[in-house]
file input_20.csv (CSV, C-alpha atoms)
chain,number,residue,atom,x,y,z
A,17,ASP,CA,-0.5,-0.9,-27.7
A,18,ALA,CA,3.0,0.6,-27.5
A,19,ILE,CA,4.0,3.3,-30.0
A,20,GLY,CA,0.5,4.5,-30.3
A,21,VAL,CA,0.5,5.3,-26.6
A,22,LEU,CA,3.8,7.2,-26.9
A,23,ARG,CA,2.5,9.2,-29.8
A,24,LEU,CA,-0.6,10.4,-27.9
A,25,LEU,CA,1.4,11.3,-24.8
A,26,GLU,CA,4.0,13.1,-26.9
A,27,ALA,CA,1.2,15.0,-28.8
A,28,ILE,CA,-0.2,16.2,-25.5
A,29,ARG,CA,3.3,17.4,-24.4
A,30,ILE,CA,4.2,19.1,-27.7
A,31,LEU,CA,0.9,21.0,-27.7
A,32,GLY,CA,1.5,22.1,-24.2
A,33,MET,CA,-1.8,20.6,-23.0
A,34,GLU,CA,-0.4,18.7,-20.0
A,35,LYS,CA,-2.5,20.7,-17.5
A,36,GLU,CA,-5.8,20.5,-19.3
A,37,THR,CA,-5.7,16.9,-20.5
A,38,ARG,CA,-6.6,13.7,-18.6
A,39,PHE,CA,-5.1,10.6,-20.2
A,40,TYR,CA,-6.3,7.1,-19.6
A,41,GLN,CA,-4.3,4.1,-20.7
A,42,ALA,CA,-6.2,0.8,-21.0
A,43,SER,CA,-3.7,-1.7,-19.6
A,44,THR,CA,-4.3,-5.4,-19.2
A,45,SER,CA,-4.1,-8.3,-16.8
A,46,GLU,CA,-1.9,-9.9,-19.4
A,47,LEU,CA,0.9,-7.8,-18.0
A,48,TYR,CA,1.0,-10.3,-15.1
A,49,GLY,CA,1.4,-13.4,-17.4
A,50,LEU,CA,3.4,-15.9,-15.4
A,51,VAL,CA,1.8,-14.7,-12.2
A,52,GLN,CA,4.1,-13.9,-9.3
A,53,GLU,CA,1.4,-13.8,-6.7
A,54,ILE,CA,-2.3,-14.6,-6.3
A,55,PRO,CA,-4.4,-12.4,-6.5
A,56,GLN,CA,-2.7,-9.8,-8.6
A,57,LYS,CA,-2.8,-6.1,-7.5
A,58,GLU,CA,-1.1,-2.9,-8.4
A,59,THR,CA,2.2,-3.8,-6.7
A,60,THR,CA,2.4,-7.4,-8.2
A,61,PRO,CA,5.5,-7.7,-10.5
A,62,PHE,CA,4.8,-8.0,-14.2
A,63,TYR,CA,5.8,-11.0,-16.3
A,64,PRO,CA,4.1,-10.8,-19.7
A,65,ARG,CA,4.0,-14.0,-21.8
A,66,SER,CA,2.9,-12.8,-25.2
A,67,PRO,CA,3.9,-10.1,-27.7
A,68,TYR,CA,0.6,-8.4,-26.8
A,69,GLY,CA,1.5,-8.4,-23.1
A,70,VAL,CA,5.0,-7.1,-23.9
A,71,ALA,CA,3.6,-4.2,-26.0
A,72,LYS,CA,1.1,-3.4,-23.2
A,73,LEU,CA,4.0,-3.3,-20.7
A,74,TYR,CA,5.6,-0.5,-22.7
A,75,GLY,CA,2.4,1.3,-22.9
A,76,TYR,CA,2.0,1.0,-19.1
A,77,TRP,CA,5.5,2.3,-18.3
A,78,ILE,CA,5.5,5.1,-20.8
A,79,THR,CA,2.3,6.4,-19.2
A,80,VAL,CA,4.0,6.3,-15.8
A,81,ASN,CA,7.1,8.0,-17.2
A,82,TYR,CA,5.1,10.9,-18.8
A,83,ARG,CA,3.1,11.3,-15.6
A,84,GLU,CA,6.3,11.6,-13.5
A,85,ALA,CA,8.4,13.5,-16.0
A,86,TYR,CA,5.9,16.1,-17.2
A,87,GLY,CA,3.3,16.3,-14.5
A,88,MET,CA,0.5,14.9,-16.7
A,89,PHE,CA,-2.7,13.5,-15.4
A,90,ALA,CA,-2.0,10.1,-16.9
A,91,SER,CA,-3.4,6.9,-15.4
A,92,ASN,CA,-3.3,3.2,-16.1
A,93,GLY,CA,-6.3,1.0,-15.7
A,94,ILE,CA,-5.1,-2.6,-15.4
A,95,LEU,CA,-8.2,-4.3,-16.8
A,96,PHE,CA,-9.0,-8.0,-16.1
A,97,ASN,CA,-11.2,-9.8,-18.6
A,98,HIS,CA,-14.5,-8.0,-19.3
A,99,GLU,CA,-17.2,-9.2,-21.6
A,100,SER,CA,-20.3,-7.9,-23.5
A,101,PRO,CA,-22.5,-9.1,-26.4
A,102,ILE,CA,-20.2,-7.2,-28.8
A,103,ARG,CA,-17.1,-9.1,-27.9
A,104,GLY,CA,-15.2,-10.3,-31.0
A,105,GLU,CA,-16.0,-13.9,-32.0
A,106,THR,CA,-12.4,-15.0,-31.9
A,107,PHE,CA,-12.3,-14.5,-28.1
A,108,VAL,CA,-13.0,-17.7,-26.1
A,109,THR,CA,-16.1,-16.3,-24.4
A,110,ARG,CA,-17.8,-15.4,-27.6
A,111,LYS,CA,-16.5,-18.5,-29.3
A,112,ILE,CA,-18.1,-20.6,-26.6
A,113,THR,CA,-21.5,-18.8,-26.6
A,114,ARG,CA,-21.6,-18.8,-30.4
A,115,GLY,CA,-20.6,-22.4,-30.6
A,116,VAL,CA,-23.2,-23.6,-28.1
A,117,SER,CA,-26.0,-21.7,-29.9
A,118,ARG,CA,-25.0,-23.1,-33.3
A,119,ILE,CA,-24.9,-26.6,-31.8
A,120,GLU,CA,-28.3,-26.1,-30.3
A,121,VAL,CA,-29.9,-25.1,-33.6
A,122,GLY,CA,-28.1,-27.9,-35.6
A,123,LEU,CA,-25.6,-25.7,-37.5
A,124,GLU,CA,-22.6,-27.4,-35.8
A,125,GLU,CA,-21.9,-30.6,-34.0
A,126,THR,CA,-18.8,-29.9,-32.0
A,127,LEU,CA,-17.1,-27.0,-30.2
A,128,TYR,CA,-13.3,-27.0,-30.5
A,129,LEU,CA,-11.3,-25.3,-27.7
A,130,GLY,CA,-7.8,-25.1,-26.3
A,131,ASN,CA,-6.9,-25.1,-22.6
A,132,LEU,CA,-10.0,-25.8,-20.7
A,133,SER,CA,-8.2,-25.4,-17.4
A,134,ALA,CA,-7.2,-21.8,-18.0
A,135,LYS,CA,-8.7,-19.6,-15.3
A,136,ARG,CA,-9.7,-15.9,-15.7
A,137,ASP,CA,-11.3,-13.1,-13.7
A,138,TRP,CA,-14.3,-12.3,-16.0
A,139,GLY,CA,-16.5,-9.2,-15.5
A,140,HIS,CA,-19.0,-7.1,-17.4
A,141,ALA,CA,-17.7,-4.4,-19.7
A,142,ARG,CA,-20.3,-1.9,-18.4
A,143,ASP,CA,-18.8,-2.1,-14.9
A,144,TYR,CA,-15.3,-1.6,-16.3
A,145,VAL,CA,-16.2,1.5,-18.3
A,146,GLU,CA,-17.6,3.0,-15.1
A,147,GLY,CA,-14.3,2.2,-13.5
A,148,MET,CA,-12.5,4.0,-16.3
A,149,ARG,CA,-14.7,7.1,-15.8
A,150,ARG,CA,-13.9,7.1,-12.1
A,151,ILE,CA,-10.2,6.8,-12.7
A,152,LEU,CA,-10.4,10.0,-14.9
A,153,GLN,CA,-12.4,11.8,-12.2
A,154,ALA,CA,-10.0,11.0,-9.4
A,155,ASP,CA,-8.2,13.8,-7.6
A,156,LYS,CA,-4.8,12.7,-8.8
A,157,PRO,CA,-3.5,10.2,-11.4
A,158,ASP,CA,-2.4,6.7,-10.5
A,159,ASP,CA,-2.5,3.1,-11.6
A,160,PHE,CA,-5.5,0.9,-10.7
A,161,VAL,CA,-6.5,-2.7,-11.0
A,162,LEU,CA,-10.1,-3.3,-12.3
A,163,ALA,CA,-11.3,-6.8,-11.5
A,164,THR,CA,-14.1,-8.8,-9.9
A,165,GLY,CA,-11.8,-10.8,-7.6
A,166,GLU,CA,-13.5,-14.1,-8.7
A,167,MET,CA,-11.7,-16.7,-10.9
A,168,HIS,CA,-13.4,-19.3,-13.2
A,169,SER,CA,-12.1,-21.8,-15.7
A,170,VAL,CA,-12.9,-22.1,-19.3
A,171,ARG,CA,-14.4,-25.5,-18.5
A,172,GLU,CA,-16.9,-23.8,-16.1
A,173,LEU,CA,-17.9,-21.3,-18.7
A,174,VAL,CA,-18.6,-24.1,-21.2
A,175,GLU,CA,-20.8,-25.9,-18.6
A,176,LEU,CA,-22.7,-22.7,-17.9
A,177,ALA,CA,-23.2,-21.9,-21.6
A,178,PHE,CA,-24.6,-25.4,-22.3
A,179,ALA,CA,-26.8,-25.2,-19.2
A,180,GLN,CA,-28.5,-22.1,-20.7
A,181,VAL,CA,-29.9,-24.3,-23.5
A,182,GLY,CA,-30.8,-27.2,-21.1
A,183,ARG,CA,-27.7,-29.4,-21.7
A,184,ARG,CA,-25.6,-30.9,-19.0
A,185,ILE,CA,-22.0,-31.7,-19.9
A,186,ALA,CA,-20.0,-34.7,-18.6
A,187,TRP,CA,-16.3,-34.6,-19.1
A,188,ARG,CA,-14.4,-37.7,-20.3
A,189,GLY,CA,-10.7,-38.3,-20.7
A,190,THR,CA,-7.7,-36.0,-19.8
A,191,GLY,CA,-5.3,-33.6,-21.5
A,192,VAL,CA,-5.8,-33.2,-25.3
A,193,ASP,CA,-8.1,-36.3,-25.2
A,194,GLU,CA,-10.6,-34.7,-22.9
A,195,THR,CA,-14.1,-34.4,-24.4
A,196,GLY,CA,-17.4,-32.9,-23.3
A,197,VAL,CA,-20.4,-35.2,-23.7
A,198,ASP,CA,-24.0,-34.1,-23.7
A,199,GLU,CA,-25.6,-36.3,-21.0
A,200,ASN,CA,-29.0,-36.3,-22.7
A,201,SER,CA,-28.0,-37.3,-26.2
A,202,GLY,CA,-24.7,-39.0,-25.5
A,203,LYS,CA,-23.1,-37.0,-28.3
A,204,THR,CA,-19.6,-35.5,-27.9
A,205,VAL,CA,-20.1,-31.7,-28.3
A,206,VAL,CA,-16.7,-30.4,-27.0
A,207,LYS,CA,-13.2,-31.5,-28.2
A,208,ILE,CA,-9.7,-30.2,-27.7
A,209,ASP,CA,-7.8,-28.8,-30.6
A,210,PRO,CA,-4.1,-28.5,-29.7
A,211,THR,CA,-3.6,-25.7,-32.3
A,212,TYR,CA,-5.5,-23.4,-29.9
A,213,PHE,CA,-2.9,-23.8,-27.2
A,214,ARG,CA,-0.6,-20.8,-26.7
A,215,PRO,CA,3.2,-21.2,-27.0
A,216,THR,CA,3.5,-19.6,-23.5
A,217,GLU,CA,0.3,-20.2,-21.7
A,218,VAL,CA,-1.1,-17.9,-19.0
A,219,ASP,CA,-2.7,-20.4,-16.6
A,220,LEU,CA,-4.6,-18.1,-14.3
A,221,LEU,CA,-5.4,-14.4,-13.7
A,222,VAL,CA,-7.5,-13.0,-10.8
A,223,GLY,CA,-7.4,-9.5,-9.6
A,224,ASP,CA,-7.5,-7.7,-6.3
A,225,ALA,CA,-9.1,-4.3,-6.9
A,226,SER,CA,-9.1,-3.3,-3.2

call {"tool": "encode", "arguments": {"input": "input_20.csv", "output": "structure tokens"}}
result
Amino acid sequence: DAIGVLRLLEAIRILGMEKETRFYQASTSELYGLVQEIPQKETTPFYPRSPYGVAKLYGYWITVNYREAYGMFASNGILFNHESPIRGETFVTRKITRGVSRIEVGLEETLYLGNLSAKRDWGHARDYVEGMRRILQADKPDDFVLATGEMHSVRELVELAFAQVGRRIAWRGTGVDETGVDENSGKTVVKIDPTYFRPTEVDLLVGDAS
């Protein structure tokens, strides 16, 4: 996320391929972290809240630096959350869909999650890849936000996932004691596990791609 970007850019420079190469850096909405304005756009100040976000910040700025210093066609795409069926199972979206399906077929009883109130701008990976292609086809390099402009909570995603298998969730309690109850069976199917909370939480991210 950091040094790898530098090595690629430096390889382009050393080989003298600045004029024949178009370089795309996959940046992230995690750059915004503790958000300074809502929604976030290209001019919004960065405030990363994780080692991942900090590493990505380096990757972002080294891309800008090589563009300005060596005249490279080097662009950043600041990607908000984007999903597909091949998303890794440790990510909250896949964790939810996988957990709901396993509960539905009787392989699990409870889905354990962290911050249900976290809000994100979720889109489909296919649309974001098209955005990446267009960035590389632009007349000149620049930095671009790729986002849907809509924000939804983890709690909403849980409700939608259970609704797909015909279950309606009723929320009980607050904070770490909050639970999600299947209204049909009366069983608790969602619980909070405090170990999933981040040391420095990113509460909300929503992009302005205009």

call {"tool": "residues_around", "arguments": {"input": "input_20.csv", "residues": "range 35-52 of chain A", "least_positions_apart": "6", "cutoff": "6 Å", "atoms": "only C-alpha atoms", "output": "MDAnalysis selection string"}}
result
chainID A and resid 62:65 69 89:96 218

call {"tool": "residues_near_point", "arguments": {"input": "input_20.csv", "point": "(2.5, 15.1, -23.9)", "cutoff": "12 Å", "atoms": "only C-alpha atoms", "output": "PyMOL selection string"}}
result
chain A and resi 21-39+78-79+81-90

call {"tool": "closest_residue", "arguments": {"input": "input_20.csv", "among": "A:Ile119, A:Leu162, A:Phe107, A:Tyr74", "to": "Gly20 in chain A", "atoms": "all atoms listed in the file"}}
result
A:Tyr74

call {"tool": "residues_around", "arguments": {"input": "input_20.csv", "residues": "range 57-59 of chain A", "least_positions_apart": "4", "cutoff": "9 Å", "atoms": "only C-alpha atoms", "output": "MDAnalysis selection string"}}
result
chainID A and resid 53 94 159:161 222:226

call {"tool": "atom_distance", "arguments": {"input": "input_20.csv", "atom1": "CA of Ala134 in chain A", "atom2": "CA of Phe178 in chain A"}}
result
18.3 Å

call {"tool": "closest_residue", "arguments": {"input": "input_20.csv", "among": "A:Ile102, A:Ile208, A:Leu221, A:Val108", "to": "Leu173 in chain A", "atoms": "all atoms listed in the file"}}
result
A:Val108

call {"tool": "closest_residue", "arguments": {"input": "input_20.csv", "among": "A:His98, A:Lys207, A:Arg150, A:His140", "to": "Arg171 in chain A", "atoms": "only C-alpha atoms"}}
result
A:Lys207

call {"tool": "closest_residue", "arguments": {"input": "input_20.csv", "among": "A:Arg183, A:Arg103, A:Arg214, A:Arg188", "to": "Ser117 in chain A", "atoms": "all atoms listed in the file"}}
result
A:Arg183

call {"tool": "atom_distance", "arguments": {"input": "input_20.csv", "atom1": "CA of Val70 in chain A", "atom2": "CA of Thr211 in chain A"}}
result
22.1 Å

call {"tool": "atom_distance", "arguments": {"input": "input_20.csv", "atom1": "CA of Glu105 in chain A", "atom2": "CA of Ile151 in chain A"}}
result
28.9 Å

call {"tool": "residues_around", "arguments": {"input": "input_20.csv", "residues": "Gly130 in chain A", "least_positions_apart": "5", "cutoff": "6 Å", "atoms": "only C-alpha atoms", "output": "PyMOL selection string"}}
result
chain A and resi 208-209+212-213

call {"tool": "residues_near_point", "arguments": {"input": "input_20.csv", "point": "(-18.9, -27.8, -27.5)", "cutoff": "7 Å", "atoms": "only C-alpha atoms", "output": "ChimeraX atom specification"}}
result
/A:115-116,126-128,196,205-207

call {"tool": "closest_residue", "arguments": {"input": "input_20.csv", "among": "A:Asp143, A:Glu175, A:Glu194, A:Asp155", "to": "Asn131 in chain A", "atoms": "only C-alpha atoms"}}
result
A:Glu194
